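Note: the block below is work.txt and it holds compact mmCIF, C-alpha atoms and all ligand atoms.
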# COMPACT_ATOMS: atom_id res chain seq x y z
CA THR K 702 0.00 0.00 0.00
CA THR K 703 1.08 3.56 -0.64
CA SER K 704 0.91 6.07 2.21
CA LEU K 705 -2.21 8.10 2.97
CA ARG K 706 -0.46 11.25 1.81
CA GLU K 707 0.53 9.70 -1.53
CA ALA K 708 -3.08 8.65 -2.08
CA ALA K 709 -4.31 12.07 -0.96
CA ALA K 710 -1.88 13.98 -3.19
CA LYS K 711 -3.43 12.41 -6.28
CA LYS K 712 -6.76 13.91 -5.22
CA ASP K 713 -5.42 17.29 -4.09
CA THR K 714 -6.55 16.52 -0.57
CA LEU K 715 -5.09 17.48 2.78
CA ILE K 716 -4.87 14.47 5.06
CA GLY K 717 -3.72 15.56 8.48
CA SER K 718 -3.10 14.62 12.04
CA GLY K 719 -4.14 17.00 14.75
CA ALA K 720 -3.38 16.56 18.45
CA ILE K 721 0.35 16.69 17.83
CA ASN K 722 2.17 17.60 21.02
CA PRO K 723 5.66 18.58 19.79
CA THR K 724 7.34 16.50 22.52
CA TYR K 725 5.97 13.38 20.79
CA LEU K 726 8.44 14.11 17.98
CA ASP K 727 11.17 12.90 20.34
CA ASP K 728 9.87 9.40 19.59
CA PRO K 729 11.51 8.57 16.24
CA GLN K 730 8.78 6.11 15.29
CA PHE K 731 6.08 8.68 15.96
CA ALA K 732 7.91 11.27 13.90
CA ALA K 733 8.54 8.83 11.05
CA VAL K 734 4.91 7.72 10.73
CA LEU K 735 3.63 11.29 11.00
CA GLY K 736 5.92 12.48 8.21
CA GLU K 737 5.33 9.45 5.99
CA GLN K 738 1.56 9.30 6.23
CA PHE K 739 0.25 12.85 6.54
CA ASN K 740 0.62 16.08 4.59
CA SER K 741 -0.75 18.32 7.35
CA LEU K 742 -0.52 18.58 11.12
CA SER K 743 -1.93 20.68 13.93
CA PRO K 744 -1.09 21.05 17.61
CA GLU K 745 -3.05 19.55 20.47
CA ASN K 746 -2.92 22.14 23.30
CA GLU K 747 0.30 24.02 22.65
CA MET K 748 -1.38 26.83 20.75
CA LYS K 749 -4.04 27.37 23.39
CA TRP K 750 -3.67 30.76 25.01
CA SER K 751 -2.26 29.80 28.43
CA PHE K 752 0.26 27.43 26.85
CA LEU K 753 1.55 29.97 24.33
CA ASN K 754 1.13 33.22 26.23
CA PRO K 755 0.79 32.54 29.98
CA THR K 756 1.54 36.09 31.10
CA GLU K 757 1.03 39.33 29.26
CA GLY K 758 3.63 39.85 26.56
CA HIS K 759 5.48 36.60 27.32
CA TYR K 760 5.37 33.93 24.65
CA ASN K 761 6.63 30.34 24.67
CA TRP K 762 7.24 29.88 20.97
CA ASP K 763 9.45 26.80 21.15
CA ALA K 764 6.74 24.15 20.94
CA ILE K 765 4.94 25.57 17.91
CA ASP K 766 8.21 26.59 16.26
CA ARG K 767 9.26 22.97 16.51
CA LEU K 768 6.03 21.76 14.89
CA VAL K 769 6.33 24.29 12.10
CA GLN K 770 9.96 23.28 11.48
CA PHE K 771 9.01 19.59 11.40
CA ALA K 772 6.27 20.38 8.91
CA GLU K 773 8.68 22.35 6.73
CA ASP K 774 11.24 19.53 6.81
CA ASN K 775 8.57 17.03 5.82
CA ASP K 776 6.73 19.14 3.29
CA MET K 777 3.53 19.34 5.34
CA ALA K 778 0.95 22.07 5.88
CA VAL K 779 0.25 23.31 9.41
CA LYS K 780 -3.22 24.13 10.67
CA GLY K 781 -3.60 26.57 13.56
CA HIS K 782 -5.79 25.15 16.32
CA GLY K 783 -6.80 26.58 19.67
CA ILE K 784 -6.06 30.30 19.31
CA ILE K 785 -9.41 30.68 21.05
CA SER K 786 -10.61 27.81 23.16
CA GLY K 787 -12.92 27.27 26.07
CA CYS K 788 -10.17 25.89 28.26
CA CYS K 789 -6.68 27.13 28.92
CA ASN K 790 -6.94 30.89 29.19
CA PRO K 791 -4.37 32.70 31.36
CA ASP K 792 -5.20 34.71 34.47
CA TYR K 793 -4.00 37.95 32.94
CA LEU K 794 -6.73 37.63 30.32
CA LEU K 795 -9.41 36.45 32.72
CA ASN K 796 -8.75 39.46 34.94
CA ILE K 797 -9.80 41.83 32.18
CA THR K 798 -13.50 42.62 32.52
CA ASP K 799 -13.73 45.71 30.31
CA PRO K 800 -14.80 44.64 26.78
CA THR K 801 -12.62 47.20 25.01
CA ALA K 802 -9.53 46.14 26.93
CA PHE K 803 -10.42 42.47 26.39
CA ARG K 804 -10.71 43.01 22.64
CA ALA K 805 -7.37 44.81 22.68
CA ALA K 806 -5.78 41.80 24.41
CA MET K 807 -7.29 39.52 21.76
CA THR K 808 -5.93 41.74 18.99
CA ALA K 809 -2.44 41.79 20.51
CA HIS K 810 -2.49 38.02 20.93
CA PHE K 811 -3.79 37.24 17.44
CA GLU K 812 -1.29 39.64 15.88
CA ALA K 813 1.64 38.16 17.79
CA VAL K 814 0.72 34.60 16.86
CA MET K 815 -0.51 35.08 13.31
CA HIS K 816 2.32 37.41 12.31
CA ARG K 817 4.93 35.00 13.61
CA TYR K 818 3.50 32.17 11.51
CA ASP K 819 2.49 34.27 8.53
CA GLY K 820 2.99 32.19 5.40
CA LYS K 821 3.69 29.08 7.49
CA ILE K 822 0.25 28.47 8.97
CA ASP K 823 -2.32 29.25 6.33
CA ARG K 824 -5.51 27.90 7.88
CA TRP K 825 -6.89 28.30 11.37
CA ASP K 826 -9.63 27.08 13.64
CA VAL K 827 -10.38 30.59 14.90
CA VAL K 828 -13.27 29.76 17.20
CA THR K 829 -13.76 26.28 18.61
CA GLU K 830 -16.90 24.97 20.33
CA ALA K 831 -18.97 28.14 20.37
CA LEU K 832 -22.18 26.19 20.94
CA ALA K 833 -23.29 24.17 23.96
CA THR K 834 -22.33 20.51 23.62
CA GLN K 835 -25.78 19.24 22.71
CA GLY K 836 -26.92 22.58 21.30
CA GLY K 837 -29.47 24.92 22.84
CA GLY K 838 -27.46 28.12 23.09
CA MET K 839 -23.92 29.27 23.20
CA GLN K 840 -21.14 27.92 25.37
CA ALA K 841 -20.64 30.39 28.22
CA ASN K 842 -16.86 30.44 27.80
CA ASP K 843 -14.37 33.11 28.92
CA PHE K 844 -14.87 35.13 25.72
CA TYR K 845 -18.64 34.99 25.88
CA SER K 846 -18.56 36.11 29.52
CA VAL K 847 -16.94 39.43 28.66
CA LEU K 848 -17.97 40.10 25.06
CA GLY K 849 -21.23 38.19 24.72
CA PRO K 850 -22.08 36.39 21.47
CA GLY K 851 -20.26 39.10 19.49
CA TYR K 852 -16.90 37.57 20.45
CA ILE K 853 -17.17 35.30 17.42
CA GLU K 854 -17.46 38.19 15.00
CA ASP K 855 -14.64 40.00 16.84
CA ALA K 856 -12.37 36.97 16.60
CA PHE K 857 -12.87 36.55 12.86
CA ARG K 858 -12.38 40.24 12.12
CA ILE K 859 -9.21 40.37 14.24
CA ALA K 860 -7.90 37.19 12.60
CA ARG K 861 -8.55 38.44 9.06
CA ALA K 862 -6.80 41.72 9.80
CA ALA K 863 -3.82 39.88 11.33
CA ASP K 864 -3.43 37.56 8.31
CA PRO K 865 -5.55 38.49 5.30
CA ASP K 866 -4.35 35.43 3.34
CA ALA K 867 -5.23 32.72 5.86
CA LYS K 868 -8.33 30.55 5.66
CA LEU K 869 -10.49 31.00 8.74
CA PHE K 870 -12.72 28.27 10.14
CA ILE K 871 -15.25 27.93 12.90
CA ASN K 872 -14.69 24.50 14.51
CA GLU K 873 -17.69 22.74 16.08
CA ASN K 874 -18.52 19.33 17.48
CA LEU K 875 -21.53 17.03 17.32
CA VAL K 876 -23.47 18.86 14.61
CA GLU K 877 -23.46 15.55 12.74
CA THR K 878 -25.23 13.99 15.71
CA TYR K 879 -27.78 16.57 16.87
CA PRO K 880 -30.05 18.02 14.15
CA GLY K 881 -31.02 20.96 16.38
CA LYS K 882 -27.39 21.90 16.90
CA ARG K 883 -26.75 21.47 13.17
CA GLN K 884 -29.43 24.08 12.47
CA GLU K 885 -28.12 26.35 15.21
CA LEU K 886 -24.62 26.35 13.73
CA TYR K 887 -26.05 27.01 10.30
CA ASP K 888 -28.08 29.95 11.63
CA LEU K 889 -25.03 31.32 13.42
CA VAL K 890 -22.72 31.00 10.43
CA SER K 891 -25.21 32.27 7.87
CA GLY K 892 -25.73 35.27 10.15
CA LEU K 893 -21.99 35.92 10.14
CA VAL K 894 -21.89 35.71 6.36
CA ARG K 895 -24.85 38.09 6.03
CA ALA K 896 -23.10 40.54 8.35
CA GLY K 897 -19.97 40.43 6.20
CA VAL K 898 -17.84 38.73 8.86
CA PRO K 899 -14.71 37.24 7.25
CA ILE K 900 -15.14 33.47 7.60
CA ASP K 901 -14.06 30.86 5.05
CA GLY K 902 -15.42 27.64 6.39
CA VAL K 903 -16.79 25.25 8.96
CA ALA K 904 -14.58 22.55 10.48
CA LEU K 905 -16.43 19.50 11.78
CA GLN K 906 -14.66 17.82 14.67
CA LEU K 907 -16.19 14.36 14.14
CA HIS K 908 -15.25 12.71 17.40
CA ILE K 909 -17.42 9.66 16.77
CA THR K 910 -18.58 7.47 19.61
CA GLN K 911 -20.01 4.11 18.53
CA VAL K 912 -22.46 5.43 15.95
CA ALA K 913 -21.47 6.97 12.64
CA PRO K 914 -23.26 10.05 11.31
CA ALA K 915 -26.34 8.93 9.38
CA PRO K 916 -25.56 8.53 5.67
CA GLY K 917 -26.21 11.78 3.83
CA VAL K 918 -25.73 14.08 6.81
CA ILE K 919 -22.19 15.14 5.90
CA THR K 920 -23.24 15.66 2.29
CA ASN K 921 -26.15 17.88 3.38
CA ILE K 922 -23.87 19.89 5.64
CA VAL K 923 -21.40 20.48 2.81
CA THR K 924 -24.18 21.44 0.39
CA SER K 925 -25.73 23.92 2.80
CA TYR K 926 -22.45 25.75 3.47
CA LYS K 927 -21.39 25.65 -0.17
CA ALA K 928 -24.53 27.68 -0.91
CA LEU K 929 -23.14 30.35 1.43
CA GLY K 930 -19.80 30.28 -0.39
CA LEU K 931 -18.10 28.42 2.46
CA GLU K 932 -15.98 25.30 2.59
CA VAL K 933 -16.36 22.40 5.02
CA ALA K 934 -13.38 20.57 6.50
CA ILE K 935 -12.99 17.70 8.96
CA ALA K 936 -10.83 18.80 11.88
CA GLU K 937 -10.51 16.12 14.56
CA MET K 938 -11.94 12.82 13.46
CA ASP K 939 -11.58 9.70 15.56
CA VAL K 940 -13.82 6.72 16.30
CA HIS K 941 -14.13 5.47 19.84
CA THR K 942 -14.88 1.79 19.75
CA LEU K 943 -12.90 -1.31 20.64
CA ASP K 944 -14.65 -3.16 17.79
CA ALA K 945 -11.94 -2.81 15.16
CA ALA K 946 -14.13 -3.98 12.28
CA LEU K 947 -16.90 -1.51 13.11
CA GLN K 948 -14.28 1.20 13.51
CA ALA K 949 -12.83 0.46 10.08
CA ASP K 950 -16.31 0.60 8.53
CA ILE K 951 -16.99 3.97 10.11
CA TYR K 952 -13.62 5.46 9.07
CA GLY K 953 -14.19 4.22 5.53
CA ALA K 954 -17.79 5.37 5.25
CA VAL K 955 -17.19 8.82 6.70
CA VAL K 956 -14.07 9.54 4.66
CA ASP K 957 -15.74 8.22 1.51
CA GLU K 958 -18.84 10.38 1.97
CA ALA K 959 -16.74 13.43 2.89
CA LEU K 960 -14.56 13.13 -0.22
CA LYS K 961 -17.53 12.55 -2.50
CA ALA K 962 -19.24 15.60 -1.00
CA GLY K 963 -16.22 17.69 -1.97
CA ILE K 964 -14.30 17.93 1.31
CA THR K 965 -10.58 18.32 0.55
CA ASP K 966 -9.24 18.88 4.08
CA ILE K 967 -9.49 15.99 6.55
CA SER K 968 -7.64 15.80 9.86
CA PHE K 969 -7.77 13.16 12.56
CA TRP K 970 -7.22 13.78 16.27
CA GLY K 971 -3.92 11.91 16.34
CA PHE K 972 -2.91 8.69 14.64
CA THR K 973 -1.62 6.20 17.20
CA ASP K 974 -3.45 4.49 20.05
CA LYS K 975 -0.22 4.56 22.07
CA HIS K 976 -1.41 5.44 25.56
CA ALA K 977 0.93 8.32 26.28
CA TYR K 978 -0.12 10.06 23.08
CA THR K 979 -3.88 9.91 23.01
CA TRP K 980 -6.34 12.21 24.70
CA LEU K 981 -8.46 9.15 25.57
CA PRO K 982 -6.13 6.35 26.59
CA GLY K 983 -7.88 3.02 26.31
CA ALA K 984 -10.45 4.10 23.73
CA LYS K 985 -8.17 3.10 20.83
CA PRO K 986 -9.85 5.59 18.51
CA LEU K 987 -7.09 6.02 15.92
CA MET K 988 -5.73 4.46 12.70
CA PHE K 989 -2.50 2.93 14.04
CA ASP K 990 -2.17 0.69 17.08
CA GLU K 991 0.16 1.21 20.03
CA SER K 992 3.07 -0.27 18.04
CA TYR K 993 2.35 1.87 14.98
CA HIS K 994 0.88 -0.99 12.98
CA ALA K 995 -1.84 0.08 10.59
CA LYS K 996 -5.31 -0.97 11.73
CA GLY K 997 -8.42 -1.69 9.68
CA ALA K 998 -9.29 1.99 10.01
CA PHE K 999 -6.12 2.88 8.10
CA TYR K 1000 -6.87 0.52 5.23
CA ALA K 1001 -10.49 1.67 5.01
CA THR K 1002 -9.37 5.30 4.90
CA HIS K 1003 -6.73 4.51 2.30
CA THR K 1004 -9.26 2.66 0.15
CA ALA K 1005 -11.72 5.56 0.37
CA LEU K 1006 -8.99 8.00 -0.68
CA THR K 1007 -7.87 5.82 -3.56
CA ASN K 1008 -11.30 4.96 -4.92
CA PHE K 1009 -13.36 8.10 -4.83
O1 LIG P 1 -0.94 21.00 31.65
C1 LIG P 1 -1.65 20.47 32.79
C2 LIG P 1 -0.69 19.84 33.74
O2 LIG P 1 0.17 20.83 34.25
C3 LIG P 1 -1.49 19.17 34.87
O3 LIG P 1 -0.62 18.48 35.71
C4 LIG P 1 -2.49 18.19 34.30
C5 LIG P 1 -3.36 17.58 35.39
O4 LIG P 1 -4.65 17.28 34.92
O5 LIG P 1 -3.33 18.87 33.39
C6 LIG P 1 -2.64 19.43 32.30
O6 LIG P 1 -3.56 20.07 31.44
C7 LIG P 1 -4.38 19.22 30.65
C8 LIG P 1 -4.10 19.52 29.19
O7 LIG P 1 -4.97 18.75 28.37
C9 LIG P 1 -2.66 19.20 28.78
O8 LIG P 1 -2.38 17.85 28.97
C10 LIG P 1 -5.84 19.49 30.96
O9 LIG P 1 -6.11 19.09 32.30
C11 LIG P 1 -6.72 18.74 30.01
O10 LIG P 1 -8.08 19.13 30.22
C12 LIG P 1 -6.35 19.06 28.59
O11 LIG P 1 -7.17 18.30 27.73
C13 LIG P 1 -7.17 18.70 26.37
C14 LIG P 1 -8.54 19.25 26.02
O12 LIG P 1 -8.61 19.53 24.63
C15 LIG P 1 -8.82 20.53 26.77
O13 LIG P 1 -10.04 21.03 26.43
C16 LIG P 1 -6.84 17.49 25.53
O14 LIG P 1 -5.47 17.14 25.77
C17 LIG P 1 -7.04 17.80 24.07
O15 LIG P 1 -6.89 16.64 23.30
C18 LIG P 1 -8.44 18.36 23.85
O16 LIG P 1 -8.59 18.67 22.51
C19 LIG P 1 -9.89 19.12 22.14
C20 LIG P 1 -9.72 20.16 21.05
O17 LIG P 1 -8.83 21.19 21.42
C21 LIG P 1 -11.07 20.75 20.66
N1 LIG P 1 -12.00 19.70 20.30
C22 LIG P 1 -12.15 18.61 21.24
C23 LIG P 1 -10.80 18.00 21.60
C24 LIG P 1 -10.95 16.83 22.54
O18 LIG P 1 -11.55 17.21 23.74
If you took the structure in this file and wrote it as structure tokens, what would it be?
Amino acid sequence: TTSLREAAAKKDTLIGSGAINPTYLDDPQFAAVLGEQFNSLSPENEMKWSFLNPTEGHYNWDAIDRLVQFAEDNDMAVKGHGIISGCCNPDYLLNITDPTAFRAAMTAHFEAVMHRYDGKIDRWDVVTEALATQGGGMQANDFYSVLGPGYIEDAFRIARAADPDAKLFINENLVETYPGKRQELYDLVSGLVRAGVPIDGVALQLHITQVAPAPGVITNIVTSYKALGLEVAIAEMDVHTLDAALQADIYGAVVDEALKAGITDISFWGFTDKHAYTWLPGAKPLMFDESYHAKGAFYATHTALTNF
């Protein structure tokens, strides 16, 4: 079998691994499989605010610099993930209660990060998990608390100004599962588009637990956003089941439907089930086992990429 990235290159598709903590690159096997199989990567937590910028004006660039260098050495794209997230915000930010000052802190942070990686990171999850997990309103995160629902518009405008050439995504979970949340995200995003907010696409997380999205759902999502002039990507796919055959079927079916619907940017939330490296040790949700052997999920994904 060829690698995933060789199969993907023939179809002009990004096939990526997210959840890359740069310290994992110390493991030569991890680094080798990542570089061989994927043409894109994104960090796990290292770009979240408190990791990158724990105190005002102080940045720990080493971790992301290392990822970006690895990507350059291995001819991979890098996707920015976590510049705004519900978790992991530093005290200096949380102590700001005045909206104008809060927006200024966001602008300074986005400019610092996006200018540093200008031309090296060309697509970003700008806002992640804006909506409540099962839908029914917005997530009352640290940004919402100070700026209200308008923080989303602020974030996209600040991001576009910081890097006019980057593709900007809103990243959301479980819209494939809950029809009400699917509609809510569509209403939110179509509202942004109507208001002229600079957004390029919607990134579906696709953390799948036992049950795959119903056939046709991903296609409908892509069609609805295409009509708004937006692209849909897959940002964090994994499939949590210890039934390897079922897992392979789900990987294959989802990737196949996504590619046929026109998705050209698919990332998984890691690639090896190795305990130290997965956000859910024991769930074995990924394409390679603990010893980096390809699982059924890998072959099903490869087949989908080759055949569509
Ligand atoms: O860094 C501290 C460490 O100092 C402390 O000793 C330890 C004790 O619990 O916690 C460490 O922080 C943890 C951090 O990961 C780094 O390991 C947090 O508790 C833990 O909550 C955090 O989890 C991350 C989670 O996002 C936070 O929301 C996961 O690793 C990460 O995989 C996960 O990724 C998210 C995406 O960003 C967005 N979509 C969903 C996805 C999975 O939840």
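Those residues that approach K:Leu705 to within 9 Å, counting all atoms listed in the file, are Ala710, Ile716, Glu737, Gln738, Phe739, Asn740, Phe999, Thr1002, His1003, Leu1006 and Thr1007 of chain K; same-chain residues fewer than 5 positions away are not listed.
With all atoms listed in the file as the atoms that count, the residue of K:Ala954, K:Ala945, K:Leu981, K:Leu848 with the shortest distance to K:Thr798 is K:Leu848.
Using all atoms listed in the file, the residues found no farther than 12 Å from K:Pro880, other than those of its own chain fewer than 6 positions away, are K:Gln835, K:Gly836, K:Gly837, K:Leu886, K:Tyr887, K:Pro914, K:Ala915, K:Val918, K:Ile919, K:Asn921, K:Ile922.
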message = Show me which residues line ligand LIG 1 (chain P), defined as having an atom within 7 Å of a ligand atom where all atoms listed in the file count, and present them as a list in words.
response = Ala720, Glu745, Asn746, Gly783, Gly787, Cys788, Thr829, Gln906, Glu937 and Trp980 of chain K
Using all atoms listed in the file, find each residue in stretch 837-888 of chain K having at least one atom no more than 12 Å away from stretch 776-781 of chain K; report its shortest atom-to-atom pair and that distance in Å (one decimal), rows by chain then rising number, as a Markdown table.
| residue | atom | partner | partner_atom | distance |
| --- | --- | --- | --- | --- |
| K:Ala860 | CA | K:Gly781 | CA | 11.5 |
| K:Ala867 | CA | K:Gly781 | CA | 10.0 |
| K:Lys868 | CA | K:Lys780 | CA | 9.6 |
| K:Leu869 | CA | K:Gly781 | CA | 9.5 |
| K:Phe870 | CA | K:Gly781 | CA | 9.9 |
| K:Ile871 | CA | K:Gly781 | CA | 11.7 |
| K:Asn872 | CA | K:Gly781 | CA | 11.3 |
Considering all atoms listed in the file, return as a PDB file with C-alpha atoms, in the coordinates of the input whatever protein or nucleic-acid residues lie within 7 Å of stretch 748-754 of chain K, sequence-local ones (same chain, fewer than 3 positions apart) excluded.
ATOM      1  CA  PRO K 744      -1.090  21.050  17.610  1.00  0.00           C
ATOM      2  CA  GLU K 757       1.030  39.330  29.260  1.00  0.00           C
ATOM      3  CA  HIS K 759       5.480  36.600  27.320  1.00  0.00           C
ATOM      4  CA  TYR K 760       5.370  33.930  24.650  1.00  0.00           C
ATOM      5  CA  ASN K 761       6.630  30.340  24.670  1.00  0.00           C
ATOM      6  CA  TRP K 762       7.240  29.880  20.970  1.00  0.00           C
ATOM      7  CA  HIS K 782      -5.790  25.150  16.320  1.00  0.00           C
ATOM      8  CA  GLY K 783      -6.800  26.580  19.670  1.00  0.00           C
ATOM      9  CA  ILE K 784      -6.060  30.300  19.310  1.00  0.00           C
ATOM     10  CA  ILE K 785      -9.410  30.680  21.050  1.00  0.00           C
ATOM     11  CA  SER K 786     -10.610  27.810  23.160  1.00  0.00           C
ATOM     12  CA  CYS K 789      -6.680  27.130  28.920  1.00  0.00           C
ATOM     13  CA  ASN K 790      -6.940  30.890  29.190  1.00  0.00           C
ATOM     14  CA  PRO K 791      -4.370  32.700  31.360  1.00  0.00           C
TER      15      PRO K 791
END
ask   = What does the distance from atom CA of K:Asp799 to atom CA of K:Gly758 come to in Å, to one decimal?
value = 18.7 Å
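Distances to K:Arg861 were evaluated for K:Trp825, K:Phe844, K:Tyr793, K:Tyr926 using all atoms listed in the file, and the minimum falls at K:Trp825.
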Test item: axis-aligned box, all listed atoms of stretch 860-867 of chain K, 8 Å on each side, centre and edges in Å rounded to one decimal, as AutoDock Vina command-line options:
--center_x -6.0 --center_y 37.2 --center_z 8.0 --size_x 21.1 --size_y 25.0 --size_z 25.3
ask   = Of the candidates K:Lys882, K:His994, K:Lys927, K:Arg858, which shows the shortest atom-to-atom distance to K:Ile900, using only C-alpha atoms?
value = K:Arg858
inquiry  = I'd like the contact shell of K:Thr910 - 8 Å cut-off, all atoms listed in the file, skipping same-chain residues fewer than 3 positions apart - returned as a ChimeraX atom specification.
reply    = /K:913,940-942
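Coordinates place atom CA of K:Lys975 at a distance of 8.5 Å from atom CA of K:Phe989.
With all atoms listed in the file as the basis for measurement, K:Tyr818 is the residue among K:Tyr879, K:Tyr818, K:Tyr993, K:Phe803 that approaches K:Ile765 most closely.
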